[in-house]
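Notes follow the structure.
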Amino acid sequence: MATCANCGEALRPGWKYCIACGARTAVPLTVGMVSGRPHGVDETGPGVSWLAVLAFVLGCLLSPLAALFGHLAIAQIKTSGERGRVLAWIAVALGYLWLVTLAVLVITYLTMNA
């Protein structure tokens with residue numbers, strides 16, 4: 001088992017820092033590109049797509065535009081690697097639901113007043 005070069009504490013495999021003193025170990029950080037920033041350096045990972053959040057909010061506000069923005073968010077998530085795919089699909093479903101509801105209301109109104 002490896003030990004810390006700074007304090008001599010035992011290190012487990014894969015540890016990047018010593019938990020006793022906080023010194024960096026010899027384990028290399030993996031670096032890969034995810035959404036334009038190095039993966040492994042930023043521990044938080046990719047964030048949630050703002051377009052998916054916008055589409056979901058539009059879906060909650062009874063707007064058929066949620067379907068359009070949801071599809072745009074899904075395309076953006078595929079290329080950027082961000083989170084929010086489920087949120088975007090819920091927005092797409094809500095957008096189509098409101099679109100069908102609006103179409104039924106308009107057709108009902110036109111047939112009743114014609």
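Residue names in the structure tokens use chain letters A, B, ... in the order shown, residue numbers from 1 in each chain, and ligand numbers from 1 in the order shown.
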Could you list, with a cut-off of 7 Å and counting only C-alpha atoms, the residues of stretch 71-112 of chain A near stretch 51-55 of chain A, each shown with its nearest atom pair and the distance in Å rounded to one decimal, rows sorted by chain and ascending number, as a Markdown table?
```
| residue | atom | partner | partner_atom | distance |
| --- | --- | --- | --- | --- |
| A:Ala73 | CA | A:Ala52 | CA | 5.1 |
| A:Gly84 | CA | A:Ala52 | CA | 6.0 |
| A:Leu87 | CA | A:Ala52 | CA | 6.0 |
| A:Ala88 | CA | A:Ala52 | CA | 4.7 |
| A:Ala91 | CA | A:Ala55 | CA | 5.5 |
```
Original post:
as a PyMOL selection string, which residues of chain A does DSSP assign to strand (DSSP E)?
Top reply: chain A and resi 32-34+37-39
**OP:** Might you pull out every residue within 10 Å of stretch 63-70 of chain A, with only C-alpha atoms counted and same-chain residues fewer than 5 positions away left off, and present them as a PyMOL selection string?
**Re:** chain A and resi 51-58+75-76+85-102
